[in-house]
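J.: So here's structure.pdb, just PDB, C-alpha atoms:
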MODEL        1
ATOM      1  CA  MET K 890       0.000   0.000   0.000  1.00  0.00           C
ATOM      2  CA  ASN K 891       2.058   2.918  -1.296  1.00  0.00           C
ATOM      3  CA  LYS K 892      -0.778   5.424  -1.555  1.00  0.00           C
ATOM      4  CA  LEU K 893      -4.010   5.787   0.374  1.00  0.00           C
ATOM      5  CA  GLY K 894      -6.942   6.749  -1.856  1.00  0.00           C
ATOM      6  CA  LEU K 895      -9.169   8.789   0.445  1.00  0.00           C
ATOM      7  CA  VAL K 896     -12.380   8.362  -1.568  1.00  0.00           C
ATOM      8  CA  ASN K 897     -12.025   4.589  -1.542  1.00  0.00           C
ATOM      9  CA  HIS K 898     -10.981   4.721   2.116  1.00  0.00           C
ATOM     10  CA  TYR K 899     -14.138   6.614   3.092  1.00  0.00           C
ATOM     11  CA  LYS K 900     -16.244   4.121   1.134  1.00  0.00           C
ATOM     12  CA  ASN K 901     -14.648   1.283   3.093  1.00  0.00           C
ATOM     13  CA  ILE K 902     -15.141   3.056   6.421  1.00  0.00           C
ATOM     14  CA  PHE K 903     -18.820   3.631   5.673  1.00  0.00           C
ATOM     15  CA  PHE K 904     -19.315   0.046   4.468  1.00  0.00           C
ATOM     16  CA  PHE K 905     -17.746  -1.481   7.575  1.00  0.00           C
ATOM     17  CA  ALA K 906     -19.665   0.884   9.854  1.00  0.00           C
ATOM     18  CA  ILE K 907     -22.947  -0.443   8.433  1.00  0.00           C
ATOM     19  CA  LYS K 908     -22.221  -4.056   7.514  1.00  0.00           C
ATOM     20  CA  ARG K 909     -19.211  -5.202   9.515  1.00  0.00           C
ATOM     21  CA  TYR K 910     -21.132  -7.998  11.280  1.00  0.00           C
ATOM     22  CA  GLU K 911     -22.472  -9.550   8.085  1.00  0.00           C
ATOM     23  CA  GLY K 912     -20.788 -12.665   6.705  1.00  0.00           C
ATOM     24  CA  GLU K 913     -16.999 -12.370   6.593  1.00  0.00           C
ATOM     25  CA  ASN K 914     -17.046  -8.576   6.775  1.00  0.00           C
ATOM     26  CA  TYR K 915     -15.647  -8.327  10.308  1.00  0.00           C
ATOM     27  CA  LYS K 916     -12.562 -10.302   9.307  1.00  0.00           C
ATOM     28  CA  SER K 917     -12.238  -8.204   6.159  1.00  0.00           C
ATOM     29  CA  MET K 918     -12.530  -5.022   8.236  1.00  0.00           C
ATOM     30  CA  ARG K 919      -9.681  -6.059  10.501  1.00  0.00           C
ATOM     31  CA  GLU K 920      -7.527  -6.961   7.512  1.00  0.00           C
ATOM     32  CA  TYR K 921      -8.295  -3.594   5.933  1.00  0.00           C
ATOM     33  CA  PHE K 922      -7.204  -1.753   9.066  1.00  0.00           C
ATOM     34  CA  ALA K 923      -4.082  -3.914   9.103  1.00  0.00           C
ATOM     35  CA  SER K 924      -3.302  -2.416   5.692  1.00  0.00           C
ATOM     36  CA  ILE K 925      -3.853   1.069   7.177  1.00  0.00           C
ATOM     37  CA  LEU K 926      -1.407   0.207   9.952  1.00  0.00           C
ATOM     38  CA  VAL K 927       1.191  -0.810   7.368  1.00  0.00           C
ATOM     39  CA  TYR K 928       0.602   2.438   5.476  1.00  0.00           C
ATOM     40  CA  ASP K 929       0.988   4.510   8.649  1.00  0.00           C
ATOM     41  CA  LEU K 930       4.276   2.817   9.503  1.00  0.00           C
ATOM     42  CA  LYS K 931       5.861   2.773   6.042  1.00  0.00           C
ATOM     43  CA  GLU K 932       8.098   5.789   6.702  1.00  0.00           C
ATOM     44  CA  VAL K 933       8.941   4.747  10.257  1.00  0.00           C
ATOM     45  CA  VAL K 934       9.899   1.093  10.040  1.00  0.00           C
ATOM     46  CA  ASP K 935      10.375  -1.648   7.435  1.00  0.00           C
ATOM     47  CA  LEU K 936       8.334  -4.685   8.492  1.00  0.00           C
ATOM     48  CA  ASN K 937      10.645  -7.138   6.740  1.00  0.00           C
ATOM     49  CA  ASN K 938      13.100  -9.041   8.928  1.00  0.00           C
ATOM     50  CA  LYS K 939      11.351  -7.876  12.080  1.00  0.00           C
ATOM     51  CA  ARG K 940      10.094  -9.748  15.116  1.00  0.00           C
ATOM     52  CA  ILE K 941       6.559  -8.441  15.738  1.00  0.00           C
ATOM     53  CA  LEU K 942       3.963  -8.922  18.486  1.00  0.00           C
ATOM     54  CA  ASP K 943       0.283  -8.021  18.130  1.00  0.00           C
ATOM     55  CA  VAL K 944      -0.996  -7.520  21.684  1.00  0.00           C
ATOM     56  CA  GLY K 945      -4.733  -8.075  22.014  1.00  0.00           C
ATOM     57  CA  GLY K 946      -4.958  -9.134  18.384  1.00  0.00           C
ATOM     58  CA  SER K 947      -8.164 -11.168  18.781  1.00  0.00           C
ATOM     59  CA  ASN K 948      -8.004 -14.126  16.374  1.00  0.00           C
ATOM     60  CA  GLY K 949      -4.916 -12.903  14.562  1.00  0.00           C
ATOM     61  CA  GLU K 950      -6.322 -11.216  11.460  1.00  0.00           C
ATOM     62  CA  PHE K 951      -3.637  -8.517  11.663  1.00  0.00           C
ATOM     63  CA  SER K 952      -0.913 -11.092  12.190  1.00  0.00           C
ATOM     64  CA  ARG K 953      -2.014 -13.225   9.268  1.00  0.00           C
ATOM     65  CA  TYR K 954      -2.297 -10.252   6.916  1.00  0.00           C
ATOM     66  CA  ILE K 955       1.191  -9.012   7.767  1.00  0.00           C
ATOM     67  CA  GLY K 956       2.775 -12.448   8.132  1.00  0.00           C
ATOM     68  CA  GLU K 957       1.660 -13.437   4.627  1.00  0.00           C
ATOM     69  CA  LYS K 958       2.852 -10.206   3.000  1.00  0.00           C
ATOM     70  CA  TYR K 959       6.173  -9.571   4.732  1.00  0.00           C
ATOM     71  CA  ASP K 960       9.274 -11.571   5.540  1.00  0.00           C
ATOM     72  CA  CYS K 961       8.873 -11.261   9.283  1.00  0.00           C
ATOM     73  CA  GLU K 962       8.147 -13.248  12.432  1.00  0.00           C
ATOM     74  CA  ILE K 963       4.813 -12.137  13.866  1.00  0.00           C
ATOM     75  CA  ILE K 964       2.965 -13.537  16.889  1.00  0.00           C
ATOM     76  CA  ASN K 965      -0.585 -12.822  17.983  1.00  0.00           C
ATOM     77  CA  LEU K 966      -1.300 -12.460  21.713  1.00  0.00           C
ATOM     78  CA  ASP K 967      -4.807 -12.385  23.160  1.00  0.00           C
ATOM     79  CA  PRO K 968      -6.413 -13.583  26.426  1.00  0.00           C
ATOM     80  CA  ASN K 969      -9.600 -14.892  24.770  1.00  0.00           C
ATOM     81  CA  PRO K 970      -9.204 -15.840  21.111  1.00  0.00           C
ATOM     82  CA  THR K 971     -12.211 -17.701  19.718  1.00  0.00           C
ATOM     83  CA  LYS K 972     -10.946 -19.082  16.400  1.00  0.00           C
ATOM     84  CA  PRO K 973      -7.247 -18.250  15.998  1.00  0.00           C
ATOM     85  CA  LEU K 974      -6.117 -17.730  12.407  1.00  0.00           C
ATOM     86  CA  TRP K 975      -2.412 -17.387  13.224  1.00  0.00           C
ATOM     87  CA  GLU K 976       0.103 -18.465  15.843  1.00  0.00           C
ATOM     88  CA  THR K 977      -1.495 -17.163  19.041  1.00  0.00           C
ATOM     89  CA  ILE K 978      -0.242 -16.966  22.616  1.00  0.00           C
ATOM     90  CA  ILE K 979      -3.022 -16.851  25.211  1.00  0.00           C
ATOM     91  CA  ALA K 980      -2.148 -14.146  27.735  1.00  0.00           C
ATOM     92  CA  PRO K 981      -3.279 -10.659  28.836  1.00  0.00           C
ATOM     93  CA  ALA K 982      -1.427  -7.469  27.968  1.00  0.00           C
ATOM     94  CA  ASP K 983      -0.216  -6.942  31.528  1.00  0.00           C
ATOM     95  CA  GLN K 984       1.413 -10.412  31.663  1.00  0.00           C
ATOM     96  CA  ILE K 985       3.260 -10.870  28.374  1.00  0.00           C
ATOM     97  CA  PRO K 986       5.114 -14.220  28.571  1.00  0.00           C
ATOM     98  CA  PHE K 987       8.301 -13.192  26.744  1.00  0.00           C
ATOM     99  CA  GLU K 988      11.740 -12.079  27.839  1.00  0.00           C
ATOM    100  CA  ASP K 989      12.889  -8.462  27.885  1.00  0.00           C
ATOM    101  CA  GLU K 990      13.530  -6.715  24.546  1.00  0.00           C
ATOM    102  CA  LYS K 991      12.210  -9.622  22.473  1.00  0.00           C
ATOM    103  CA  PHE K 992      10.403  -7.662  19.730  1.00  0.00           C
ATOM    104  CA  ASP K 993      11.249  -4.997  17.156  1.00  0.00           C
ATOM    105  CA  LEU K 994       7.673  -3.832  16.652  1.00  0.00           C
ATOM    106  CA  ILE K 995       4.524  -4.127  18.800  1.00  0.00           C
ATOM    107  CA  PHE K 996       0.905  -3.400  17.918  1.00  0.00           C
ATOM    108  CA  PHE K 997      -1.626  -2.510  20.608  1.00  0.00           C
ATOM    109  CA  ARG K 998      -4.658  -1.468  18.612  1.00  0.00           C
ATOM    110  CA  GLY K 999      -8.167  -1.023  20.021  1.00  0.00           C
ATOM    111  CA  VAL K1000      -7.289  -2.890  23.206  1.00  0.00           C
ATOM    112  CA  LEU K1001      -6.778  -0.361  26.001  1.00  0.00           C
ATOM    113  CA  GLU K1002     -10.499   0.504  26.212  1.00  0.00           C
ATOM    114  CA  HIS K1003     -11.258  -3.162  26.952  1.00  0.00           C
ATOM    115  CA  ILE K1004      -8.792  -3.418  29.848  1.00  0.00           C
ATOM    116  CA  PRO K1005      -9.773  -2.325  33.391  1.00  0.00           C
ATOM    117  CA  PRO K1006      -8.159   1.085  34.110  1.00  0.00           C
ATOM    118  CA  ILE K1007      -6.194  -0.359  37.031  1.00  0.00           C
ATOM    119  CA  LEU K1008      -4.236  -2.421  34.460  1.00  0.00           C
ATOM    120  CA  HIS K1009      -3.694   0.279  31.828  1.00  0.00           C
ATOM    121  CA  GLN K1010      -0.272   1.402  32.993  1.00  0.00           C
ATOM    122  CA  ALA K1011       0.875  -2.141  33.738  1.00  0.00           C
ATOM    123  CA  SER K1012      -0.037  -3.168  30.175  1.00  0.00           C
ATOM    124  CA  LEU K1013       1.968  -0.343  28.614  1.00  0.00           C
ATOM    125  CA  ASP K1014       4.860  -1.074  30.970  1.00  0.00           C
ATOM    126  CA  GLU K1015       4.877  -4.711  29.830  1.00  0.00           C
ATOM    127  CA  ILE K1016       4.931  -3.660  26.185  1.00  0.00           C
ATOM    128  CA  TYR K1017       7.854  -1.364  26.940  1.00  0.00           C
ATOM    129  CA  ARG K1018       9.666  -4.239  28.682  1.00  0.00           C
ATOM    130  CA  VAL K1019       9.439  -6.672  25.763  1.00  0.00           C
ATOM    131  CA  LEU K1020      10.199  -4.068  23.068  1.00  0.00           C
ATOM    132  CA  ARG K1021      13.871  -3.795  22.141  1.00  0.00           C
ATOM    133  CA  LYS K1022      15.791  -0.519  22.330  1.00  0.00           C
ATOM    134  CA  ASP K1023      14.845   1.681  19.360  1.00  0.00           C
ATOM    135  CA  GLY K1024      11.849  -0.578  18.714  1.00  0.00           C
ATOM    136  CA  VAL K1025       8.550   0.896  17.516  1.00  0.00           C
ATOM    137  CA  GLY K1026       5.046   0.672  18.941  1.00  0.00           C
ATOM    138  CA  TYR K1027       1.736   1.380  17.195  1.00  0.00           C
ATOM    139  CA  PHE K1028      -1.034   1.964  19.737  1.00  0.00           C
ATOM    140  CA  VAL K1029      -4.632   2.927  18.893  1.00  0.00           C
ATOM    141  CA  ILE K1030      -7.483   4.112  21.110  1.00  0.00           C
ATOM    142  CA  PRO K1031     -10.964   5.524  20.482  1.00  0.00           C
ATOM    143  CA  PRO K1032     -11.033   8.716  22.621  1.00  0.00           C
ATOM    144  CA  TRP K1033     -13.965   8.295  25.013  1.00  0.00           C
ATOM    145  CA  TYR K1034     -15.741  11.547  24.164  1.00  0.00           C
ATOM    146  CA  ASN K1035     -16.018  10.743  20.466  1.00  0.00           C
ATOM    147  CA  PRO K1036     -19.318   9.066  19.420  1.00  0.00           C
ATOM    148  CA  HIS K1037     -17.337   6.160  17.936  1.00  0.00           C
ATOM    149  CA  ALA K1038     -15.837   5.149  21.293  1.00  0.00           C
ATOM    150  CA  GLY K1039     -18.954   3.475  22.678  1.00  0.00           C
ATOM    151  CA  HIS K1040     -18.672   0.293  20.603  1.00  0.00           C
ATOM    152  CA  GLY K1041     -21.992  -1.494  21.153  1.00  0.00           C
ATOM    153  CA  LEU K1042     -23.468   1.528  22.932  1.00  0.00           C
ATOM    154  CA  LYS K1043     -22.366   4.233  20.507  1.00  0.00           C
ATOM    155  CA  PRO K1044     -23.313   7.026  20.153  1.00  0.00           C
ATOM    156  CA  PHE K1045     -25.087   7.004  23.534  1.00  0.00           C
ATOM    157  CA  HIS K1046     -22.262   5.741  25.790  1.00  0.00           C
ATOM    158  CA  LEU K1047     -21.734   9.111  27.521  1.00  0.00           C
ATOM    159  CA  LEU K1048     -25.241   8.941  28.962  1.00  0.00           C
ATOM    160  CA  PRO K1049     -26.049   6.971  32.146  1.00  0.00           C
ATOM    161  CA  PHE K1050     -25.847   3.289  31.250  1.00  0.00           C
ATOM    162  CA  PRO K1051     -29.595   2.458  31.581  1.00  0.00           C
ATOM    163  CA  VAL K1052     -30.444   5.389  29.274  1.00  0.00           C
ATOM    164  CA  ALA K1053     -27.722   4.480  26.794  1.00  0.00           C
ATOM    165  CA  LYS K1054     -28.865   0.864  26.679  1.00  0.00           C
ATOM    166  CA  PHE K1055     -32.525   1.857  26.189  1.00  0.00           C
ATOM    167  CA  LEU K1056     -31.734   4.235  23.331  1.00  0.00           C
ATOM    168  CA  ARG K1057     -29.361   1.827  21.646  1.00  0.00           C
ATOM    169  CA  ASN K1058     -31.938  -0.966  21.718  1.00  0.00           C
ATOM    170  CA  LEU K1059     -34.642   1.413  20.543  1.00  0.00           C
ATOM    171  CA  PHE K1060     -32.820   2.623  17.439  1.00  0.00           C
ATOM    172  CA  PHE K1061     -30.552  -0.265  16.427  1.00  0.00           C
ATOM    173  CA  LYS K1062     -31.177  -3.832  15.312  1.00  0.00           C
ATOM    174  CA  LYS K1063     -28.222  -5.343  17.217  1.00  0.00           C
ATOM    175  CA  LYS K1064     -29.396  -5.362  20.847  1.00  0.00           C
ATOM    176  CA  VAL K1065     -27.427  -4.674  24.018  1.00  0.00           C
ATOM    177  CA  THR K1066     -27.883  -7.499  26.524  1.00  0.00           C
ATOM    178  CA  TYR K1067     -25.219  -6.705  29.128  1.00  0.00           C
ATOM    179  CA  SER K1068     -26.076  -4.755  32.271  1.00  0.00           C
ATOM    180  CA  SER K1069     -23.039  -2.478  32.705  1.00  0.00           C
ATOM    181  CA  LEU K1070     -19.998  -1.097  30.917  1.00  0.00           C
ATOM    182  CA  GLU K1071     -17.804  -3.344  33.069  1.00  0.00           C
ATOM    183  CA  GLU K1072     -19.741  -6.435  31.955  1.00  0.00           C
ATOM    184  CA  ALA K1073     -19.115  -5.362  28.362  1.00  0.00           C
ATOM    185  CA  SER K1074     -15.391  -4.818  29.135  1.00  0.00           C
ATOM    186  CA  LEU K1075     -15.682  -1.223  27.976  1.00  0.00           C
ATOM    187  CA  TYR K1076     -13.747   1.472  29.831  1.00  0.00           C
ATOM    188  CA  LYS K1077     -13.019   5.164  29.456  1.00  0.00           C
ATOM    189  CA  VAL K1078      -9.724   6.020  27.800  1.00  0.00           C
ATOM    190  CA  THR K1079      -8.722   9.471  26.592  1.00  0.00           C
ATOM    191  CA  HIS K1080      -6.052  10.922  24.356  1.00  0.00           C
ATOM    192  CA  SER K1081      -4.496  12.996  27.154  1.00  0.00           C
ATOM    193  CA  LYS K1082      -4.351  10.109  29.618  1.00  0.00           C
ATOM    194  CA  THR K1083      -2.861   7.788  27.012  1.00  0.00           C
ATOM    195  CA  ILE K1084      -0.051  10.250  26.281  1.00  0.00           C
ATOM    196  CA  LYS K1085       0.727  10.498  29.991  1.00  0.00           C
ATOM    197  CA  MET K1086       0.854   6.706  30.341  1.00  0.00           C
ATOM    198  CA  ILE K1087       3.003   6.346  27.215  1.00  0.00           C
ATOM    199  CA  GLU K1088       5.506   8.849  28.577  1.00  0.00           C
ATOM    200  CA  TYR K1089       5.413   7.339  32.070  1.00  0.00           C
ATOM    201  CA  SER K1090       6.361   3.939  30.620  1.00  0.00           C
ATOM    202  CA  GLY K1091       9.400   5.524  29.008  1.00  0.00           C
ATOM    203  CA  PHE K1092       8.336   5.689  25.365  1.00  0.00           C
ATOM    204  CA  LYS K1093       9.122   8.622  23.093  1.00  0.00           C
ATOM    205  CA  LEU K1094       6.049   9.766  21.157  1.00  0.00           C
ATOM    206  CA  ILE K1095       6.913  10.016  17.448  1.00  0.00           C
ATOM    207  CA  ASN K1096       3.557  10.906  15.920  1.00  0.00           C
ATOM    208  CA  THR K1097      -0.230  10.802  16.316  1.00  0.00           C
ATOM    209  CA  LEU K1098      -2.586   9.975  13.449  1.00  0.00           C
ATOM    210  CA  ASP K1099      -6.309   9.876  12.745  1.00  0.00           C
ATOM    211  CA  THR K1100      -6.780   6.313  11.507  1.00  0.00           C
ATOM    212  CA  HIS K1101     -10.356   6.809  10.270  1.00  0.00           C
ATOM    213  CA  PHE K1102     -10.881  10.236   8.714  1.00  0.00           C
ATOM    214  CA  ARG K1103      -7.151  10.979   8.180  1.00  0.00           C
ATOM    215  CA  PHE K1104      -7.416  14.511   9.597  1.00  0.00           C
ATOM    216  CA  HIS K1105      -4.114  14.086  11.405  1.00  0.00           C
ATOM    217  CA  ILE K1106      -3.887  17.739  12.419  1.00  0.00           C
ATOM    218  CA  LEU K1107      -6.847  17.204  14.773  1.00  0.00           C
ATOM    219  CA  THR K1108      -4.795  14.749  16.834  1.00  0.00           C
ATOM    220  CA  LYS K1109      -2.428  17.617  17.694  1.00  0.00           C
ATOM    221  CA  ILE K1110      -5.098  19.963  19.085  1.00  0.00           C
ATOM    222  CA  PRO K1111      -5.917  19.484  22.795  1.00  0.00           C
ATOM    223  CA  ILE K1112      -9.603  19.112  23.698  1.00  0.00           C
ATOM    224  CA  PHE K1113     -10.703  18.943  20.033  1.00  0.00           C
ATOM    225  CA  ARG K1114      -8.869  15.626  19.585  1.00  0.00           C
ATOM    226  CA  GLU K1115     -10.925  14.097  22.409  1.00  0.00           C
ATOM    227  CA  PHE K1116     -14.196  14.812  20.554  1.00  0.00           C
ATOM    228  CA  LEU K1117     -13.416  14.871  16.837  1.00  0.00           C
ATOM    229  CA  VAL K1118     -11.047  11.943  16.261  1.00  0.00           C
ATOM    230  CA  PRO K1119     -12.768   8.512  16.125  1.00  0.00           C
ATOM    231  CA  ALA K1120      -9.538   6.573  16.625  1.00  0.00           C
ATOM    232  CA  THR K1121      -6.078   7.936  17.370  1.00  0.00           C
ATOM    233  CA  ALA K1122      -2.896   6.060  16.541  1.00  0.00           C
ATOM    234  CA  PHE K1123       0.168   6.769  18.674  1.00  0.00           C
ATOM    235  CA  ILE K1124       3.465   5.855  17.011  1.00  0.00           C
ATOM    236  CA  VAL K1125       6.093   5.495  19.716  1.00  0.00           C
ATOM    237  CA  LYS K1126       9.715   4.477  20.070  1.00  0.00           C
ATOM    238  CA  LYS K1127      11.647   2.981  22.940  1.00  0.00           C
TER     239      LYS K1127
ENDMDL
END
As structure tokens - that is how I would like this structure written.
T.:
Amino acid sequence: MNKLGLVNHYKNIFFFAIKRYEGENYKSMREYFASILVYDLKEVVDLNNKRILDVGGSNGEFSRYIGEKYDCEIINLDPNPTKPLWETIIAPADQIPFEDEKFDLIFFRGVLEHIPPILHQASLDEIYRVLRKDGVGYFVIPPWYNPHAGHGLKPFHLLPFPVAKFLRNLFFKKKVTYSSLEEASLYKVTHSKTIKMIEYSGFKLINTLDTHFRFHILTKIPIFREFLVPATAFIVKK
């Protein structure tokens, strides 16, 4: 992927927003965003001849996409994979079962909001531990105050949970059955807090990007980035 066609990109974003749970679309969506990840990293790191870990990579769609296209060693890590598609280690982000400085590149995409806040810093610290010196990390979060961040409750997740659940079930076909955000493993994570945790772990922040709408300048503007960016990518270096 040498060039990102924005018109086609927006078509894909819209399609997956509406139909991602139909057929094989969810798998295709994850593979598409894996291609976005590769595009975002193309000027930062060459994926060939790298040892890569995808932390919280679900069933390994990202790992398979990259492992089949690049000459690299890539491992998927997830605590609850359902149908692994690639070599997968079963473990949580805060207990990565590898030695120090094992990997050249680590992905941590769309995971932090599903981890209890008490384990956020520990998870980033573990990633720092297993990343080699000068290694690169690609972390993505949906800032909590953006309508996209609510996952199954969006765009009502900022309302009290009973109200959010009622409105979601009233207006959408896919129903919410859980009784709390904690039961859904959905937690508040913000751009500003993520930067603080990244820096506390010892990482150097290289860049921030808007993975969805590609308005990268918005990720540089405090306050606005918490509301206007659906998903922010943090490119970091150890």
J.: Between K:Leu1013, K:Ile955, K:Ile1030, K:Val1118, which is the closest to Ala982 of chain K once you count only C-alpha atoms?
T.: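 Of the candidates, the smallest distance to Ala982 of chain K is held by K:Leu1013.
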J.: Check which residues satisfy the PyMOL selection byres ((chain K and resi 958) around 12) in the file shown, then give them as a list in words.
T.: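 Written out, the selection comes to Met890, Glu920, Ala923, Ser924, Val927, Leu936, Asn937, Asn938, Phe951, Ser952, Arg953, Tyr954, Ile955, Gly956, Glu957, Tyr959, Asp960, Cys961, Glu962 and Ile963 of chain K.
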J.: Which value, in Å to one decimal, gives the distance between atom CA of Thr1097 of chain K and atom CA of Glu1002 of chain K?
T.: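 Interatomic distance here is 17.6 Å.
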J.: Identify which of the residues K:Thr1108, K:Asn901, K:Thr1066, K:Ser947 lies closest to Arg998 of chain K, counting only C-alpha atoms when measuring atom-to-atom distances.
T.: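 Under the stated criterion, the closest residue is K:Ser947.
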J.: When the PyMOL selection byres ((chain K and resi 984) around 10) is applied to the structure above, which residues does it catch, written out as number ranges by chain?
T.: K: 968, 980-983, 985-987, 1011-1012, 1014-1016
J.: Contacts between segment 1075-1084 of chain K and segment 963-1048 of chain K, please, where a residue of segment 963-1048 of chain K counts if it comes within 8 Å (with all atoms listed in the file); show its shortest atom pair and distance in Å to one decimal, rows by chain and ascending number, as JSON lines.
T.:
{"residue": "K:Leu1001", "atom": "CA", "partner": "K:Val1078", "partner_atom": "CA", "distance": 7.3}
{"residue": "K:Glu1002", "atom": "CA", "partner": "K:Tyr1076", "partner_atom": "CA", "distance": 5.0}
{"residue": "K:His1003", "atom": "CA", "partner": "K:Leu1075", "partner_atom": "CA", "distance": 4.9}
{"residue": "K:Ile1004", "atom": "CA", "partner": "K:Tyr1076", "partner_atom": "CA", "distance": 7.0}
{"residue": "K:Pro1005", "atom": "CA", "partner": "K:Tyr1076", "partner_atom": "CA", "distance": 6.5}
{"residue": "K:Pro1006", "atom": "CA", "partner": "K:Tyr1076", "partner_atom": "CA", "distance": 7.0}
{"residue": "K:Ile1030", "atom": "CA", "partner": "K:Val1078", "partner_atom": "CA", "distance": 7.3}
{"residue": "K:Pro1031", "atom": "CA", "partner": "K:Val1078", "partner_atom": "CA", "distance": 7.4}
{"residue": "K:Pro1032", "atom": "CA", "partner": "K:Thr1079", "partner_atom": "CA", "distance": 4.7}
{"residue": "K:Trp1033", "atom": "CA", "partner": "K:Lys1077", "partner_atom": "CA", "distance": 5.5}
{"residue": "K:Tyr1034", "atom": "CA", "partner": "K:Thr1079", "partner_atom": "CA", "distance": 7.7}
{"residue": "K:Gly1039", "atom": "CA", "partner": "K:Leu1075", "partner_atom": "CA", "distance": 7.8}
J.: Report as a ChimeraX atom specification all protein, DNA and RNA residues lying within 12 Å of Gly1041 of chain K, evaluated on all atoms listed in the file, omitting residues in the same chain fewer than 4 positions from it.
T.: /K:906,910,1036-1037,1045-1046,1050,1053-1054,1056-1058,1061-1067,1069-1070,1073-1075
J.: One number please: atom CA of Asn948 of chain K to atom CA of Asn965 of chain K, in Å, one decimal.
T.: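 Interatomic distance, atom CA of Asn948 of chain K to atom CA of Asn965 of chain K: 7.7 Å.
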J.: Kindly indicate which residue among K:Lys1109, K:Lys1126, K:Lys939, K:His1040 lies nearest to Phe1028 of chain K, using all atoms listed in the file for the distances.
T.: K:Lys1126
J.: Go through K:Phe1060, K:Phe1092, K:Phe905, K:Phe997 and flag the residue nearest Lys1022 of chain K, using all atoms listed in the file for the distances.
T.: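 Smallest separation from Lys1022 of chain K among the options: K:Phe1092.
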J.: Quick one: distance from atom CA of His1105 of chain K to atom CA of Glu1088 of chain K in Å, one decimal?
T.: 20.4 Å
J.: Going by the chain IDs and residue numbers used in this file, which residues fall under the PyMOL selection byres ((chain K and resi 1124) around 6)? Write them as a PDB file with C-alpha atoms, in the coordinates of the input.
T.:
ATOM      1  CA  GLY K1026       5.046   0.672  18.941  1.00  0.00           C
ATOM      2  CA  TYR K1027       1.736   1.380  17.195  1.00  0.00           C
ATOM      3  CA  ILE K1095       6.913  10.016  17.448  1.00  0.00           C
ATOM      4  CA  ASN K1096       3.557  10.906  15.920  1.00  0.00           C
ATOM      5  CA  PHE K1123       0.168   6.769  18.674  1.00  0.00           C
ATOM      6  CA  VAL K1125       6.093   5.495  19.716  1.00  0.00           C
TER       7      VAL K1125
END
J.: When distances are computed from all atoms listed in the file, which of K:Phe992, K:Phe1116, K:Tyr899, K:Phe922 shows the smallest separation from Leu1047 of chain K?
T.: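 Selected residue with least distance to Leu1047 of chain K: K:Phe1116.
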J.: Taking all atoms listed in the file into account, which of K:His1009, K:Phe1102, K:Pro1111, K:Arg909 comes nearest Asn897 of chain K?
T.: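 Between K:His1009, K:Phe1102, K:Pro1111, K:Arg909, the residue approaching Asn897 of chain K most closely is K:Phe1102.
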J.: Compile the contact shell of Arg1103 of chain K as a ChimeraX atom specification: residues with an atom at most 12 Å away, counting all atoms listed in the file, same-chain residues fewer than 4 positions apart removed.
T.: /K:893-896,898-899,902,925,928-929,1097-1099,1107-1108,1117-1122
